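J.: What follows is run.cif, made up of mmCIF, C-alpha atoms:
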```cif
data_protein
#
loop_
_atom_site.label_atom_id
_atom_site.label_comp_id
_atom_site.auth_asym_id
_atom_site.auth_seq_id
_atom_site.Cartn_x
_atom_site.Cartn_y
_atom_site.Cartn_z
CA MET A 25 22.00 17.01 15.92
CA THR A 26 18.80 15.00 15.81
CA GLU A 27 18.48 12.49 18.63
CA PHE A 28 18.45 8.92 17.35
CA SER A 29 17.62 5.85 19.39
CA GLY A 30 15.77 2.62 18.91
CA GLY A 31 16.22 2.59 15.13
CA TRP A 32 13.84 5.41 14.20
CA ILE A 33 12.90 9.04 14.84
CA PRO A 34 9.56 10.76 14.25
CA LEU A 35 9.42 13.20 11.33
CA ASP A 36 6.66 15.56 10.25
CA VAL A 37 7.07 15.49 6.46
CA THR A 38 5.05 18.71 6.16
CA ASP A 39 7.72 20.56 8.19
CA ALA A 40 10.34 21.79 5.70
CA ARG A 41 12.95 22.56 8.35
CA ALA A 42 12.54 19.18 9.99
CA VAL A 43 12.98 17.40 6.64
CA HIS A 44 16.07 19.48 5.88
CA ARG A 45 17.55 18.74 9.32
CA VAL A 46 17.01 14.98 9.02
CA MET A 47 18.57 14.91 5.56
CA LEU A 48 21.63 16.76 6.87
CA ASP A 49 21.95 14.59 9.98
CA PHE A 50 21.62 11.23 8.26
CA ALA A 51 22.90 11.98 4.73
CA PRO A 52 20.90 9.07 3.26
CA THR A 53 21.74 7.45 -0.05
CA ALA A 54 18.11 6.27 -0.38
CA VAL A 55 14.82 7.57 1.01
CA VAL A 56 11.72 5.36 1.06
CA HIS A 57 8.73 7.70 1.22
CA LEU A 58 5.81 5.84 2.83
CA ALA A 59 4.17 8.71 4.72
CA ALA A 60 0.70 9.50 3.41
CA MET A 61 -2.82 10.48 4.25
CA SER A 62 -4.35 7.31 2.83
CA LYS A 63 -7.87 6.92 4.23
CA VAL A 64 -10.26 7.84 1.47
CA GLU A 65 -13.01 9.59 3.46
CA PRO A 66 -10.69 11.92 5.42
CA CYS A 67 -8.98 12.83 2.14
CA GLU A 68 -12.36 13.85 0.70
CA GLN A 69 -13.29 15.81 3.80
CA GLN A 70 -9.89 17.46 4.42
CA ARG A 71 -8.57 18.12 0.95
CA GLU A 72 -6.05 20.79 1.94
CA ALA A 73 -4.52 18.51 4.57
CA CYS A 74 -4.51 15.65 2.07
CA TRP A 75 -2.68 17.78 -0.49
CA ALA A 76 -0.20 19.05 2.12
CA VAL A 77 0.79 15.53 3.18
CA ASN A 78 0.52 13.65 -0.08
CA VAL A 79 1.69 16.24 -2.62
CA HIS A 80 3.58 19.16 -1.06
CA ALA A 81 5.57 16.92 1.31
CA THR A 82 6.51 14.68 -1.61
CA GLU A 83 7.68 17.68 -3.65
CA ARG A 84 9.76 18.74 -0.65
CA LEU A 85 11.34 15.29 -0.28
CA ALA A 86 12.13 15.17 -4.00
CA ARG A 87 14.00 18.48 -3.73
CA ALA A 88 15.82 17.28 -0.61
CA CYS A 89 16.84 14.02 -2.30
CA HIS A 90 18.09 15.98 -5.32
CA ARG A 91 20.29 18.16 -3.09
CA GLN A 92 21.53 15.11 -1.20
CA GLY A 93 22.04 12.92 -4.27
CA ALA A 94 19.73 10.31 -2.74
CA HIS A 95 17.48 7.78 -4.48
CA LEU A 96 13.81 8.49 -3.71
CA VAL A 97 11.46 5.49 -3.60
CA PHE A 98 7.83 6.60 -3.51
CA LEU A 99 4.84 4.40 -2.71
CA SER A 100 1.69 5.04 -4.76
CA THR A 101 -1.60 3.23 -5.38
CA ASP A 102 -3.95 1.64 -7.90
CA PHE A 103 -6.43 4.35 -6.86
CA VAL A 104 -4.81 6.58 -9.49
CA PHE A 105 -7.07 4.63 -11.92
CA ASP A 106 -10.84 4.89 -12.31
CA GLY A 107 -11.50 1.16 -11.88
CA SER A 108 -13.37 0.68 -15.15
CA ALA A 109 -10.95 -1.83 -16.73
CA GLY A 110 -8.46 -3.23 -14.23
CA PRO A 111 -6.09 -4.75 -13.51
CA TYR A 112 -3.82 -2.01 -14.85
CA ALA A 113 -0.32 -1.92 -16.33
CA GLU A 114 2.13 0.97 -16.03
CA THR A 115 1.24 2.09 -19.56
CA ASP A 116 -2.47 2.54 -18.76
CA LEU A 117 -3.74 6.10 -18.42
CA PRO A 118 -4.51 7.20 -14.83
CA ALA A 119 -7.91 8.76 -14.14
CA PRO A 120 -8.50 9.00 -10.37
CA ILE A 121 -12.05 9.38 -9.10
CA ASN A 122 -11.43 10.53 -5.51
CA ALA A 123 -9.28 13.06 -3.68
CA TYR A 124 -6.86 10.41 -2.41
CA GLY A 125 -6.18 9.08 -5.91
CA ARG A 126 -5.81 12.59 -7.33
CA SER A 127 -3.30 13.53 -4.64
CA LYS A 128 -1.19 10.43 -5.22
CA LEU A 129 -1.17 11.00 -8.98
CA ALA A 130 -0.16 14.63 -8.41
CA ALA A 131 2.67 13.42 -6.16
CA GLU A 132 3.81 10.96 -8.84
CA ASN A 133 3.84 13.74 -11.42
CA ALA A 134 5.72 16.07 -9.08
CA ILE A 135 8.50 13.50 -8.71
CA HIS A 136 8.63 12.59 -12.38
CA GLY A 137 8.77 16.25 -13.39
CA SER A 138 11.34 17.29 -10.77
CA ALA A 139 15.08 17.75 -11.19
CA LEU A 140 15.58 14.44 -9.39
CA SER A 141 16.83 11.69 -11.70
CA ALA A 142 17.20 8.86 -9.17
CA TRP A 143 13.57 8.06 -8.39
CA THR A 144 11.36 4.98 -8.34
CA THR A 145 7.58 4.98 -7.98
CA LEU A 146 6.04 1.72 -6.79
CA ARG A 147 2.28 1.51 -7.16
CA THR A 148 0.68 -1.13 -4.98
CA THR A 149 -2.77 -2.21 -3.83
CA LEU A 150 -4.62 -3.62 -0.81
CA GLY A 151 -1.57 -4.46 1.30
CA PHE A 152 -2.06 -7.13 3.95
CA GLY A 153 0.20 -8.63 6.59
CA ASP A 154 1.45 -8.31 10.15
CA VAL A 155 3.32 -5.00 10.19
CA VAL A 156 5.68 -4.67 13.14
CA GLY A 157 5.87 -1.10 14.41
CA TYR A 158 2.51 0.09 13.07
CA PRO A 159 0.73 2.39 15.53
CA GLU A 160 -1.82 0.61 17.67
CA GLY A 161 -5.11 0.38 15.82
CA ARG A 162 -3.52 0.71 12.38
CA LEU A 163 -5.05 -2.34 10.74
CA ASN A 164 -5.03 -3.65 7.19
CA LEU A 165 -7.81 -5.76 5.71
CA ALA A 166 -6.39 -9.10 6.87
CA THR A 167 -5.62 -8.08 10.45
CA PHE A 168 -8.99 -6.32 10.70
CA LEU A 169 -10.75 -9.49 9.56
CA VAL A 170 -8.81 -11.60 12.07
CA ARG A 171 -9.72 -9.24 14.90
CA GLU A 172 -13.42 -9.16 14.04
CA LEU A 173 -14.00 -12.77 12.98
CA SER A 174 -12.05 -14.20 15.92
CA ALA A 175 -14.41 -12.25 18.20
CA GLY A 176 -17.45 -13.62 16.36
CA ARG A 177 -18.48 -10.24 15.02
CA GLU A 178 -20.19 -9.72 11.68
CA VAL A 179 -18.11 -7.95 9.00
CA ARG A 180 -19.46 -6.14 5.97
CA VAL A 181 -17.30 -6.78 2.90
CA THR A 182 -17.66 -5.40 -0.61
CA SER A 183 -18.54 -7.89 -3.31
CA ASP A 184 -18.15 -5.48 -6.25
CA GLN A 185 -14.61 -4.20 -5.61
CA TYR A 186 -11.76 -6.15 -7.24
CA ARG A 187 -8.05 -5.80 -6.47
CA THR A 188 -4.80 -7.78 -6.55
CA PRO A 189 -4.06 -8.11 -2.78
CA THR A 190 -0.40 -7.50 -1.97
CA TYR A 191 1.46 -9.36 0.76
CA ILE A 192 3.41 -6.68 2.61
CA PRO A 193 6.67 -8.73 2.85
CA ASP A 194 6.57 -8.95 -0.98
CA LEU A 195 6.31 -5.16 -1.19
CA ALA A 196 9.24 -4.82 1.24
CA GLU A 197 11.28 -7.17 -0.93
CA ALA A 198 10.48 -5.10 -4.02
CA ILE A 199 11.63 -1.94 -2.24
CA ALA A 200 14.89 -3.67 -1.31
CA LEU A 201 15.39 -4.79 -4.91
CA VAL A 202 15.01 -1.31 -6.42
CA ILE A 203 17.37 0.20 -3.85
CA ARG A 204 19.97 -2.55 -4.21
CA ASP A 205 19.96 -2.47 -8.00
CA ARG A 206 19.33 1.29 -8.35
CA GLN A 207 16.32 0.63 -10.56
CA HIS A 208 14.55 3.82 -11.56
CA GLY A 209 11.11 4.44 -13.06
CA LEU A 210 7.53 3.29 -12.48
CA TYR A 211 6.68 -0.26 -11.38
CA HIS A 212 3.53 -2.04 -10.25
CA ILE A 213 3.97 -4.30 -7.22
CA ALA A 214 1.03 -6.52 -6.30
CA GLY A 215 -0.20 -10.05 -5.78
CA GLN A 216 -0.88 -12.63 -8.47
CA GLU A 217 -4.62 -13.08 -8.01
CA TYR A 218 -7.42 -10.76 -9.08
CA VAL A 219 -10.17 -11.18 -6.49
CA SER A 220 -13.02 -9.28 -4.89
CA THR A 221 -12.73 -8.07 -1.34
CA ARG A 222 -15.44 -10.56 -0.46
CA ALA A 223 -13.51 -13.46 -2.04
CA PHE A 224 -10.37 -12.43 -0.15
CA ALA A 225 -12.28 -12.36 3.12
CA GLU A 226 -13.80 -15.79 2.42
CA ARG A 227 -10.38 -17.26 1.63
CA LEU A 228 -9.02 -15.91 4.89
CA ALA A 229 -11.99 -17.17 6.90
CA ASP A 230 -11.74 -20.65 5.41
CA ARG A 231 -7.99 -20.98 5.93
CA TYR A 232 -8.15 -19.73 9.51
CA GLY A 233 -11.22 -21.74 10.46
CA TYR A 234 -13.56 -18.80 11.00
CA ASP A 235 -17.30 -18.79 10.34
CA ARG A 236 -17.71 -17.31 6.87
CA SER A 237 -21.41 -16.68 7.53
CA LEU A 238 -20.19 -13.70 9.58
CA LEU A 239 -19.18 -12.05 6.29
CA ARG A 240 -22.04 -9.93 4.98
CA PRO A 241 -21.62 -8.89 1.32
CA VAL A 242 -22.49 -5.28 0.47
CA THR A 243 -21.80 -2.91 -2.40
CA THR A 244 -19.04 -0.32 -2.26
CA ASP A 245 -21.65 2.45 -2.32
CA GLU A 246 -23.36 0.94 0.71
CA LEU A 247 -20.14 0.55 2.70
CA HIS A 248 -18.49 3.81 1.62
CA PRO A 249 -21.20 6.37 0.77
CA GLY A 250 -18.89 9.32 1.46
CA ALA A 251 -16.29 8.75 -1.27
CA PRO A 252 -16.13 6.74 -4.50
CA ARG A 253 -13.69 3.87 -4.99
CA PRO A 254 -12.49 2.33 -8.26
CA LEU A 255 -14.40 -0.94 -8.50
CA ARG A 256 -12.15 -2.90 -10.85
CA ALA A 257 -8.67 -1.73 -9.99
CA GLY A 258 -5.68 -3.96 -9.25
CA LEU A 259 -2.29 -4.04 -10.94
CA VAL A 260 -0.39 -6.03 -13.57
CA THR A 261 3.21 -6.74 -12.47
CA LEU A 262 4.84 -8.01 -15.68
CA ARG A 263 7.34 -5.13 -15.81
CA ALA A 264 8.43 -5.73 -12.21
CA GLN A 265 8.75 -9.45 -12.88
CA THR A 266 10.87 -8.86 -15.98
CA GLU A 267 13.06 -5.97 -14.84
CA LEU A 268 13.27 -6.49 -11.06
CA GLY A 269 12.86 -10.23 -10.77
CA PHE A 270 9.81 -9.62 -8.56
CA ARG A 271 7.78 -12.69 -7.65
CA ALA A 272 4.62 -12.40 -5.55
CA THR A 273 3.87 -15.02 -2.92
CA PRO A 274 0.76 -17.02 -3.92
CA LEU A 275 -2.26 -15.77 -1.99
CA ASP A 276 -2.94 -18.97 -0.05
CA ASP A 277 0.74 -19.27 0.91
CA ALA A 278 0.77 -15.64 2.06
CA LEU A 279 -2.36 -16.20 4.17
CA ASP A 280 -0.78 -19.30 5.72
CA GLN A 281 2.41 -17.38 6.55
CA LEU A 282 0.40 -14.58 8.08
CA GLY A 283 -1.69 -17.03 10.07
CA ARG A 284 1.42 -18.54 11.61
CA GLN A 285 2.67 -15.05 12.52
CA LEU A 286 -0.64 -14.19 14.16
CA GLY A 287 -1.08 -17.60 15.77
CA VAL A 288 -4.33 -18.36 13.96
CA GLY A 289 -5.43 -20.97 11.45
CA PRO A 290 -4.36 -24.61 11.05
CA PRO A 291 -1.14 -25.85 12.69
CA ALA A 292 2.06 -26.04 10.62
CA GLY A 293 1.72 -28.78 8.06
CA GLY A 294 -2.07 -28.74 8.39
CA SER A 295 -4.55 -27.84 5.72
CA GLY A 296 -6.63 -24.69 5.60
CA GLY A 297 -10.20 -24.39 4.52
CA ARG A 298 -13.19 -26.65 4.74
#
```
What's the structure tokens form of this structure?
T.:
Amino acid sequence: MTEFSGGWIPLDVTDARAVHRVMLDFAPTAVVHLAAMSKVEPCEQQREACWAVNVHATERLARACHRQGAHLVFLSTDFVFDGSAGPYAETDLPAPINAYGRSKLAAENAIHGSALSAWTTLRTTLGFGDVVGYPEGRLNLATFLVRELSAGREVRVTSDQYRTPTYIPDLAEAIALVIRDRQHGLYHIAGQEYVSTRAFAERLADRYGYDRSLLRPVTTDELHPGAPRPLRAGLVTLRAQTELGFRATPLDDALDQLGRQLGVGPPAGGSGGR
């Protein structure tokens, strides 16, 4: 029997026997598959490892969920698109331009083509928020900006990369909705606003009272010379709104909520920005 304490156990999703043992021990009715190799440069440099984690482990979990009769919820990305014409709907044709995007698309296809019928793929983009339980040093764009700007350090931000930033509590709510209502298929889960990384950083700096002159705009090629990124990605969420009742928190409201969690920005009831 697997030891279980504190609400979680570690699991190496590339270990077939470990996955099988956990499925037997816990007999889940739903599995939310969030494990991934998601940093773009390491995926380019370590393609076999990327494929092992992102594709083969997903295939293994799909088979395990089929045997168990469990609903598999898989988290994917707007990086399955080439970024030439975003934001993208579920009906748009994927065309990834880096190893990370190719691996996530292959994982999607492995699930969709498996014997598993109870599956949901949620594509999302540029998640931000205060994530309890993340390993130390695991930052998202917002928490990275808070750390750097609060210390008065300059931050390079891309001005040519556009996304629909996703508040992580909204993504968690979407996951809960598809599990509760047993909704199957492909859905895009993202924020309402289509903004550049630079614009997002400026909004955060203004609302939290940081010096926006510390933000130095650069191109994606300058910041990430080792691996291409889709420049105009982002996601359209109309299907999720219609079929799931998904509603994204407005960006400024999400930043204010996050600021209160982190203890930064204007006091409650105050006004952000200058």
J.: Could you work out how far atom CA of Ser62 of chain A lies from atom CA of Trp75 of chain A, giving the answer in Å with one decimal?
T.: 11.1 Å
J.: Using the chain letters and numbers from the file, give me the residues hit by the PyMOL selection byres ((chain A and resi 265) around 12), as a short mmCIF file (atom, residue, chain, number, x, y, z; two decimals) with C-alpha atoms, keeping the file's coordinate frame.
T.:
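In the end it all went to result.cif:
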```cif
data_model
loop_
_atom_site.label_atom_id
_atom_site.label_comp_id
_atom_site.auth_asym_id
_atom_site.auth_seq_id
_atom_site.Cartn_x
_atom_site.Cartn_y
_atom_site.Cartn_z
CA ALA A 198 10.48 -5.10 -4.02
CA LEU A 201 15.39 -4.79 -4.91
CA TYR A 211 6.68 -0.26 -11.38
CA HIS A 212 3.53 -2.04 -10.25
CA ILE A 213 3.97 -4.30 -7.22
CA ALA A 214 1.03 -6.52 -6.30
CA GLY A 215 -0.20 -10.05 -5.78
CA GLN A 216 -0.88 -12.63 -8.47
CA VAL A 260 -0.39 -6.03 -13.57
CA THR A 261 3.21 -6.74 -12.47
CA LEU A 262 4.84 -8.01 -15.68
CA ARG A 263 7.34 -5.13 -15.81
CA ALA A 264 8.43 -5.73 -12.21
CA THR A 266 10.87 -8.86 -15.98
CA GLU A 267 13.06 -5.97 -14.84
CA LEU A 268 13.27 -6.49 -11.06
CA GLY A 269 12.86 -10.23 -10.77
CA PHE A 270 9.81 -9.62 -8.56
CA ARG A 271 7.78 -12.69 -7.65
CA ALA A 272 4.62 -12.40 -5.55
#
```
J.: Work out how far atom CA of Ala54 of chain A is from atom CA of Gly258 of chain A, in Å to one decimal.
T.: 27.4 Å
J.: Env of Phe103 of chain A: 8 Å cut, atoms = all atoms listed in the file, seq-sep filter 6 positions within chain, self excluded. Answer as a list in words.
T.: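 Counting only the stated atoms, we get Pro120, Ile121, Tyr124, Gly125, Arg253, Pro254 and Ala257 of chain A.
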J.: Looking at all atoms listed in the file, which of A:Ser100, A:Thr244, A:Gln92, A:Ser237 is the one that sits closest to Leu146 of chain A?
T.: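 Once distances to Leu146 of chain A are computed over all atoms listed in the file, the minimum belongs to A:Ser100.
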J.: Using the chain letters and residue numbers of this document, give as number ranges by chain the residues selected by the PyMOL selection byres ((chain A and resi 87) around 12).
T.: A: 40, 43-44, 47, 55, 80-86, 88-96, 134-143
J.: The selected residues should be written to file as a tab-separated table (two decimals), keeping the file's coordinate frame (atoms: C-alpha atoms).
T.:
```tsv
chain	number	residue	atom	x	y	z
A	40	ALA	CA	10.34	21.79	5.70
A	43	VAL	CA	12.98	17.40	6.64
A	44	HIS	CA	16.07	19.48	5.88
A	47	MET	CA	18.57	14.91	5.56
A	55	VAL	CA	14.82	7.57	1.01
A	80	HIS	CA	3.58	19.16	-1.06
A	81	ALA	CA	5.57	16.92	1.31
A	82	THR	CA	6.51	14.68	-1.61
A	83	GLU	CA	7.68	17.68	-3.65
A	84	ARG	CA	9.76	18.74	-0.65
A	85	LEU	CA	11.34	15.29	-0.28
A	86	ALA	CA	12.13	15.17	-4.00
A	88	ALA	CA	15.82	17.28	-0.61
A	89	CYS	CA	16.84	14.02	-2.30
A	90	HIS	CA	18.09	15.98	-5.32
A	91	ARG	CA	20.29	18.16	-3.09
A	92	GLN	CA	21.53	15.11	-1.20
A	93	GLY	CA	22.04	12.92	-4.27
A	94	ALA	CA	19.73	10.31	-2.74
A	95	HIS	CA	17.48	7.78	-4.48
A	96	LEU	CA	13.81	8.49	-3.71
A	134	ALA	CA	5.72	16.07	-9.08
A	135	ILE	CA	8.50	13.50	-8.71
A	136	HIS	CA	8.63	12.59	-12.38
A	137	GLY	CA	8.77	16.25	-13.39
A	138	SER	CA	11.34	17.29	-10.77
A	139	ALA	CA	15.08	17.75	-11.19
A	140	LEU	CA	15.58	14.44	-9.39
A	141	SER	CA	16.83	11.69	-11.70
A	142	ALA	CA	17.20	8.86	-9.17
A	143	TRP	CA	13.57	8.06	-8.39
```
J.: Please provide as a ChimeraX atom specification all residues within 10 Å of Ser174 of chain A, with the sequence filter that same-chain residues fewer than 3 positions apart are discarded (counting only C-alpha atoms).
T.: /A:168-171,177,229,232-235,288
J.: Using only C-alpha atoms - which residues lie no farther than 10 Å from the point (2.8, 2.8, -7.9) in the file's frame? Write them as a list in words.
T.: Phe98, Leu99, Ser100, Thr101, Asp102, Phe103, Val104, Glu114, Lys128, Leu129, Glu132, Thr144, Thr145, Leu146, Arg147, Thr148, Thr149, Gly209, Leu210, Tyr211, His212, Ile213, Ala214 and Leu259 of chain A
